[in-house]
file data_35.cif (mmCIF, C-alpha atoms)
data_structure
#
loop_
_atom_site.label_atom_id
_atom_site.label_comp_id
_atom_site.auth_asym_id
_atom_site.auth_seq_id
_atom_site.Cartn_x
_atom_site.Cartn_y
_atom_site.Cartn_z
CA MET A 1 4.63 -9.69 -12.88
CA ASN A 2 4.29 -9.06 -9.16
CA GLU A 3 1.00 -7.39 -8.26
CA PHE A 4 2.47 -5.75 -5.14
CA GLY A 5 5.14 -3.07 -5.28
CA THR A 6 4.84 -2.21 -8.96
CA THR A 7 5.92 1.40 -8.31
CA ALA A 8 8.75 2.84 -6.22
CA TRP A 9 6.06 4.09 -3.82
CA GLY A 10 4.55 0.62 -3.33
CA ARG A 11 7.98 -1.08 -3.20
CA ALA A 12 8.91 1.10 -0.23
CA TRP A 13 5.96 -0.37 1.68
CA LEU A 14 6.49 -3.85 0.26
CA ARG A 15 10.02 -3.90 1.71
CA LEU A 16 8.45 -3.99 5.17
CA ALA A 17 7.04 -7.43 4.31
CA GLU A 18 9.84 -8.53 1.99
CA PRO A 19 13.08 -6.89 3.15
CA VAL A 20 16.03 -7.28 0.80
CA SER A 21 18.33 -8.17 3.71
CA VAL A 22 16.73 -11.49 4.67
CA SER A 23 18.88 -14.60 4.65
CA ARG A 24 16.06 -17.16 4.35
CA PRO A 25 12.51 -17.14 3.02
CA ASN A 26 9.62 -16.36 5.34
CA PRO A 27 7.18 -19.31 5.14
CA ALA A 28 4.23 -17.04 6.10
CA LEU A 29 4.60 -14.75 3.07
CA PRO A 30 2.98 -16.96 0.38
CA LYS A 31 -0.17 -17.31 2.51
CA ALA A 32 -0.12 -13.57 3.28
CA ARG A 33 0.17 -12.70 -0.43
CA SER A 34 -2.68 -15.09 -1.19
CA LEU A 35 -4.90 -13.48 1.45
CA ALA A 36 -4.26 -10.01 0.01
CA ARG A 37 -4.65 -11.24 -3.57
CA ARG A 38 -8.02 -12.85 -2.75
CA ASP A 39 -9.31 -9.63 -1.13
CA ARG A 40 -9.35 -11.13 2.36
CA VAL A 41 -8.06 -7.85 3.82
CA GLY A 42 -11.05 -5.71 4.66
CA ALA A 43 -12.05 -2.61 6.59
CA LEU A 44 -8.65 -1.11 5.79
CA VAL A 45 -8.22 2.36 7.29
CA LEU A 46 -5.12 4.27 6.21
CA GLU A 47 -4.36 7.37 8.26
CA PRO A 48 -1.23 9.27 9.27
CA GLY A 49 0.90 7.01 11.45
CA ARG A 50 -1.64 4.19 11.60
CA ILE A 51 -3.14 1.40 9.49
CA THR A 52 -5.94 -0.82 10.72
CA GLY A 53 -7.71 -3.65 8.99
CA THR A 54 -9.30 -7.04 9.30
CA VAL A 55 -7.91 -10.17 7.71
CA ASP A 56 -10.29 -13.09 7.25
CA ASP A 57 -8.55 -16.44 6.88
CA GLY A 58 -11.41 -18.45 8.32
CA SER A 59 -12.06 -16.13 11.20
CA PRO A 60 -11.53 -12.37 11.19
CA ARG A 61 -8.34 -11.04 12.78
CA SER A 62 -7.92 -7.37 13.64
CA VAL A 63 -4.56 -5.89 12.69
CA GLU A 64 -3.10 -2.54 13.67
CA LEU A 65 0.16 -1.07 12.40
CA VAL A 66 1.52 2.04 14.09
CA PHE A 67 4.52 4.02 12.87
CA PRO A 68 5.78 7.59 13.17
CA ALA A 69 4.39 10.23 10.86
CA TRP A 70 6.80 12.75 9.45
CA PRO A 71 7.54 15.76 11.62
CA ASP A 72 5.87 19.02 10.61
CA THR A 73 9.20 20.18 9.22
CA VAL A 74 8.95 17.69 6.34
CA GLY A 75 7.18 19.44 3.53
CA VAL A 76 6.38 18.06 0.15
CA ASP A 77 6.04 20.85 -2.36
CA ALA A 78 2.45 21.08 -3.56
CA GLY A 79 3.73 21.41 -7.12
CA ALA A 80 6.00 18.35 -6.92
CA ALA A 81 5.29 15.46 -9.24
CA LEU A 82 4.67 12.07 -7.67
CA SER A 83 7.56 10.43 -9.45
CA GLU A 84 10.07 7.76 -8.53
CA VAL A 85 12.65 10.55 -8.28
CA LEU A 86 10.66 12.07 -5.40
CA VAL A 87 10.77 8.71 -3.57
CA GLU A 88 14.57 8.72 -3.91
CA ARG A 89 14.87 12.36 -2.81
CA LEU A 90 12.74 11.78 0.28
CA ALA A 91 14.81 8.71 1.25
CA ALA A 92 18.07 10.62 0.71
CA ALA A 93 16.74 13.39 2.97
CA GLY A 94 16.09 10.85 5.75
CA THR A 95 12.32 10.88 5.33
CA PRO A 96 11.48 7.67 3.42
CA VAL A 97 7.92 7.17 2.21
CA ALA A 98 7.59 4.02 4.35
CA PRO A 99 8.74 3.61 7.93
CA GLY A 100 11.70 1.41 8.82
CA HIS A 101 11.27 -2.06 10.30
CA ASP A 102 12.36 -0.75 13.68
CA GLU A 103 9.68 1.97 13.56
CA LEU A 104 6.75 -0.34 12.81
CA VAL A 105 4.72 -1.64 15.75
CA ALA A 106 2.24 -4.32 14.71
CA THR A 107 -0.49 -6.00 16.70
CA CYS A 108 -2.82 -8.77 15.62
CA GLY A 109 -5.72 -10.60 17.22
CA CYS A 110 -4.27 -14.04 16.41
CA THR A 111 -2.26 -16.28 18.72
CA HIS A 112 1.01 -16.01 16.78
CA ARG A 113 3.68 -15.08 19.31
CA SER A 114 6.99 -14.51 17.51
CA GLY A 115 7.49 -11.63 15.10
CA HIS A 116 4.83 -10.62 12.63
CA CYS A 117 2.15 -13.04 11.47
CA ARG A 118 0.58 -13.64 8.06
CA HIS A 119 -2.24 -11.24 8.98
CA VAL A 120 0.20 -8.36 9.48
CA TRP A 121 2.01 -9.27 6.25
CA SER A 122 -1.34 -9.36 4.41
CA VAL A 123 -2.16 -5.84 5.55
CA LEU A 124 1.29 -4.69 4.38
CA PHE A 125 0.77 -6.31 0.97
CA GLU A 126 -2.64 -4.64 0.62
CA THR A 127 -1.16 -1.31 1.72
CA ALA A 128 1.57 -1.64 -0.95
CA ARG A 129 -1.12 -2.32 -3.57
CA ARG A 130 -3.12 0.76 -2.48
CA VAL A 131 0.01 2.90 -2.57
CA ASP A 132 0.82 1.56 -6.06
CA GLU A 133 -2.66 2.62 -7.20
CA ASP A 134 -2.40 6.08 -5.64
CA PRO A 135 1.02 7.30 -4.41
CA GLU A 136 -0.69 10.11 -2.47
CA VAL A 137 -1.71 7.39 0.00
CA ALA A 138 1.97 7.00 0.96
CA LEU A 139 2.23 10.70 1.66
CA ARG A 140 -0.99 10.74 3.68
CA LEU A 141 0.22 7.74 5.72
CA ARG A 142 3.34 9.64 6.63
CA GLY A 143 1.32 12.77 7.45
CA ALA A 144 2.41 15.00 4.58
CA PRO A 145 0.77 18.39 5.17
CA ARG A 146 -0.01 19.01 1.50
CA ALA A 147 -0.70 16.63 -1.34
CA PRO A 148 1.36 17.23 -4.48
CA VAL A 149 -0.02 17.25 -7.99
CA ARG A 150 -0.34 13.81 -9.57
CA VAL A 151 2.09 12.92 -12.29
CA ASP A 152 0.73 11.41 -15.50
CA SER A 153 1.14 7.64 -15.48
CA ASP A 154 0.24 4.57 -17.43
CA ARG A 155 -1.98 3.41 -14.58
CA ILE A 156 -5.42 4.82 -13.92
CA PRO A 157 -6.72 4.26 -10.38
CA ILE A 158 -9.92 2.20 -10.46
CA SER A 159 -11.65 4.92 -8.44
CA ALA A 160 -11.11 7.34 -11.35
CA LEU A 161 -13.09 5.21 -13.80
CA ASP A 162 -16.78 5.73 -14.49
CA PRO A 163 -18.07 2.39 -15.86
CA GLU A 164 -21.41 3.83 -16.91
CA ALA A 165 -19.85 6.60 -18.98
CA PHE A 166 -17.34 4.18 -20.49
CA PHE A 167 -19.92 1.62 -21.60
CA VAL A 168 -22.57 4.15 -22.62
CA SER A 169 -20.15 6.12 -24.80
CA GLY A 170 -18.80 2.88 -26.31
CA LEU A 171 -22.35 1.71 -27.03
CA ALA A 172 -23.27 5.07 -28.61
CA ARG A 173 -20.24 4.86 -30.90
CA ALA A 174 -21.15 1.29 -31.88
CA GLU A 175 -24.79 2.25 -32.60
CA GLY A 176 -23.70 5.30 -34.60
CA SER A 177 -21.54 3.20 -36.90
CA ALA A 178 -24.20 0.55 -37.51
#
call {"tool": "encode", "arguments": {"input": "data_35.cif", "output": "structure tokens"}}
result
Amino acid sequence: MNEFGTTAWGRAWLRLAEPVSVSRPNPALPKARSLARRDRVGALVLEPGRITGTVDDGSPRSVELVFPAWPDTVGVDAGAALSEVLVERLAAAGTPVAPGHDELVATCGCTHRSGHCRHVWSVLFETARRVDEDPEVALRLRGAPRAPVRVDSDRIPISALDPEAFFVSGLARAEGSA
């Protein structure tokens, strides 16, 4: 199973790195996926209309992605569920959760001159993973004025887990049955 773009929210961002309309494979993508998979993307800052980060593939490279935020007229109902249906509705309304290729301006501190480099792709892969973990990130990136209520899902964001409470309660149950 692919670890990037596991939800409709993450797939929208993943399509910036892996568009469905390509006619030949991009040789930089395997290395970019590997960098993201090995946690080589650091200092990631996700804010409306802008993503910055550092990719370390031997020496740190600063990456910045700039894209338009939604206009103030785009409102996401605070009671809306963060479902795949909402992703489809937003796209149909002309306000997709990820910017288009033509809207994305990427800069990197490396010497790569043509198109996007593996550092830019790595930041996009990591962004897709973060959006998969918490779809509200996609809305914040696009500048949504209000965050909707989370929909129940099979995935629990790692930030929502309390390891101490999990292990202590498991240990207490084990000691109580002994």
call {"tool": "atom_distance", "arguments": {"input": "data_35.cif", "atom1": "CA of Leu82 in chain A", "atom2": "CA of Arg129 in chain A"}}
result
16.0 Å
call {"tool": "atom_distance", "arguments": {"input": "data_35.cif", "atom1": "CA of Ala17 in chain A", "atom2": "CA of Phe125 in chain A"}}
result
7.2 Å
call {"tool": "closest_residue", "arguments": {"input": "data_35.cif", "among": "A:Ala144, A:Leu139, A:Leu65, A:Ala28", "to": "Val45 in chain A", "atoms": "all atoms listed in the file"}}
result
A:Leu65
call {"tool": "resolve_selection", "arguments": {"input": "data_35.cif", "expression": "the PyMOL selection byres ((chain A and resi 142) around 10)", "output": "list in words"}}
result
Glu47, Pro48, Gly49, Arg50, Phe67, Pro68, Ala69, Trp70, Pro71, Val74, Thr95, Pro96, Val97, Ala98, Pro99, Glu136, Val137, Ala138, Leu139, Arg140, Leu141, Gly143, Ala144 and Pro145 of chain A
call {"tool": "resolve_selection", "arguments": {"input": "data_35.cif", "expression": "the PyMOL selection byres ((chain A and resi 33) around 12)", "output": "PyMOL selection string"}}
result
chain A and resi 2-5+14+17-18+26-32+34-41+55+57+118-129
call {"tool": "closest_residue", "arguments": {"input": "data_35.cif", "among": "A:Cys108, A:Val131, A:Val87, A:Val20", "to": "Ser62 in chain A", "atoms": "only C-alpha atoms"}}
result
A:Cys108
call {"tool": "atom_distance", "arguments": {"input": "data_35.cif", "atom1": "CA of Asp132 in chain A", "atom2": "CA of Leu44 in chain A"}}
result
15.4 Å
call {"tool": "decode", "arguments": {"input": "data_35.cif", "residues": "range 43-61 of chain A", "atoms": "N, CA, C and O atoms", "output": "mmCIF file, in the first residue's frame"}}
result
data_model
loop_
_atom_site.group_PDB
_atom_site.id
_atom_site.type_symbol
_atom_site.label_atom_id
_atom_site.label_comp_id
_atom_site.auth_asym_id
_atom_site.auth_seq_id
_atom_site.Cartn_x
_atom_site.Cartn_y
_atom_site.Cartn_z
ATOM 1 N N ALA A 43 11.618 20.681 9.470
ATOM 2 C CA ALA A 43 11.239 22.090 9.654
ATOM 3 C C ALA A 43 10.094 22.473 8.728
ATOM 4 O O ALA A 43 10.060 23.566 8.180
ATOM 5 N N LEU A 44 9.141 21.550 8.554
ATOM 6 C CA LEU A 44 8.017 21.807 7.657
ATOM 7 C C LEU A 44 7.043 22.781 8.313
ATOM 8 O O LEU A 44 6.598 22.566 9.438
ATOM 9 N N VAL A 45 6.754 23.856 7.609
ATOM 10 C CA VAL A 45 5.796 24.863 8.074
ATOM 11 C C VAL A 45 4.688 24.919 7.028
ATOM 12 O O VAL A 45 4.948 25.190 5.851
ATOM 13 N N LEU A 46 3.474 24.626 7.460
ATOM 14 C CA LEU A 46 2.308 24.604 6.585
ATOM 15 C C LEU A 46 1.396 25.754 6.976
ATOM 16 O O LEU A 46 0.848 25.758 8.076
ATOM 17 N N GLU A 47 1.259 26.734 6.104
ATOM 18 C CA GLU A 47 0.409 27.884 6.384
ATOM 19 C C GLU A 47 -0.385 28.243 5.135
ATOM 20 O O GLU A 47 -0.043 27.770 4.043
ATOM 21 N N PRO A 48 -1.430 29.041 5.266
ATOM 22 C CA PRO A 48 -2.237 29.373 4.101
ATOM 23 C C PRO A 48 -1.406 29.942 2.954
ATOM 24 O O PRO A 48 -0.702 30.940 3.121
ATOM 25 N N GLY A 49 -1.446 29.249 1.819
ATOM 26 C CA GLY A 49 -0.758 29.720 0.625
ATOM 27 C C GLY A 49 0.743 29.494 0.595
ATOM 28 O O GLY A 49 1.409 29.937 -0.339
ATOM 29 N N ARG A 50 1.282 28.773 1.574
ATOM 30 C CA ARG A 50 2.746 28.648 1.629
ATOM 31 C C ARG A 50 3.164 27.424 2.440
ATOM 32 O O ARG A 50 2.622 27.170 3.514
ATOM 33 N N ILE A 51 4.143 26.697 1.900
ATOM 34 C CA ILE A 51 4.764 25.578 2.600
ATOM 35 C C ILE A 51 6.272 25.783 2.516
ATOM 36 O O ILE A 51 6.806 26.051 1.443
ATOM 37 N N THR A 52 6.932 25.697 3.656
ATOM 38 C CA THR A 52 8.388 25.757 3.654
ATOM 39 C C THR A 52 8.932 24.539 4.392
ATOM 40 O O THR A 52 8.255 23.984 5.262
ATOM 41 N N GLY A 53 10.109 24.148 4.038
ATOM 42 C CA GLY A 53 10.736 23.015 4.698
ATOM 43 C C GLY A 53 12.180 22.881 4.277
ATOM 44 O O GLY A 53 12.660 23.596 3.390
ATOM 45 N N THR A 54 12.853 21.951 4.929
ATOM 46 C CA THR A 54 14.243 21.656 4.616
ATOM 47 C C THR A 54 14.340 20.179 4.299
ATOM 48 O O THR A 54 13.795 19.345 5.022
ATOM 49 N N VAL A 55 15.019 19.865 3.209
ATOM 50 C CA VAL A 55 15.228 18.480 2.826
ATOM 51 C C VAL A 55 16.724 18.200 2.914
ATOM 52 O O VAL A 55 17.532 18.904 2.317
ATOM 53 N N ASP A 56 17.061 17.175 3.683
ATOM 54 C CA ASP A 56 18.471 16.831 3.880
ATOM 55 C C ASP A 56 18.791 15.543 3.127
ATOM 56 O O ASP A 56 18.419 14.465 3.524
ATOM 57 N N ASP A 57 19.482 15.683 2.008
ATOM 58 C CA ASP A 57 19.938 14.517 1.254
ATOM 59 C C ASP A 57 21.465 14.521 1.176
ATOM 60 O O ASP A 57 22.061 14.225 0.170
ATOM 61 N N GLY A 58 22.071 14.860 2.276
ATOM 62 C CA GLY A 58 23.523 14.993 2.363
ATOM 63 C C GLY A 58 23.903 16.397 2.799
ATOM 64 O O GLY A 58 24.825 16.589 3.567
ATOM 65 N N SER A 59 23.180 17.352 2.272
ATOM 66 C CA SER A 59 23.279 18.729 2.743
ATOM 67 C C SER A 59 21.880 19.323 2.695
ATOM 68 O O SER A 59 21.103 19.019 1.792
ATOM 69 N N PRO A 60 21.533 20.134 3.674
ATOM 70 C CA PRO A 60 20.168 20.660 3.753
ATOM 71 C C PRO A 60 19.839 21.607 2.604
ATOM 72 O O PRO A 60 20.655 22.442 2.231
ATOM 73 N N ARG A 61 18.655 21.443 2.056
ATOM 74 C CA ARG A 61 18.159 22.309 0.984
ATOM 75 C C ARG A 61 16.848 22.937 1.441
ATOM 76 O O ARG A 61 15.936 22.239 1.868
#
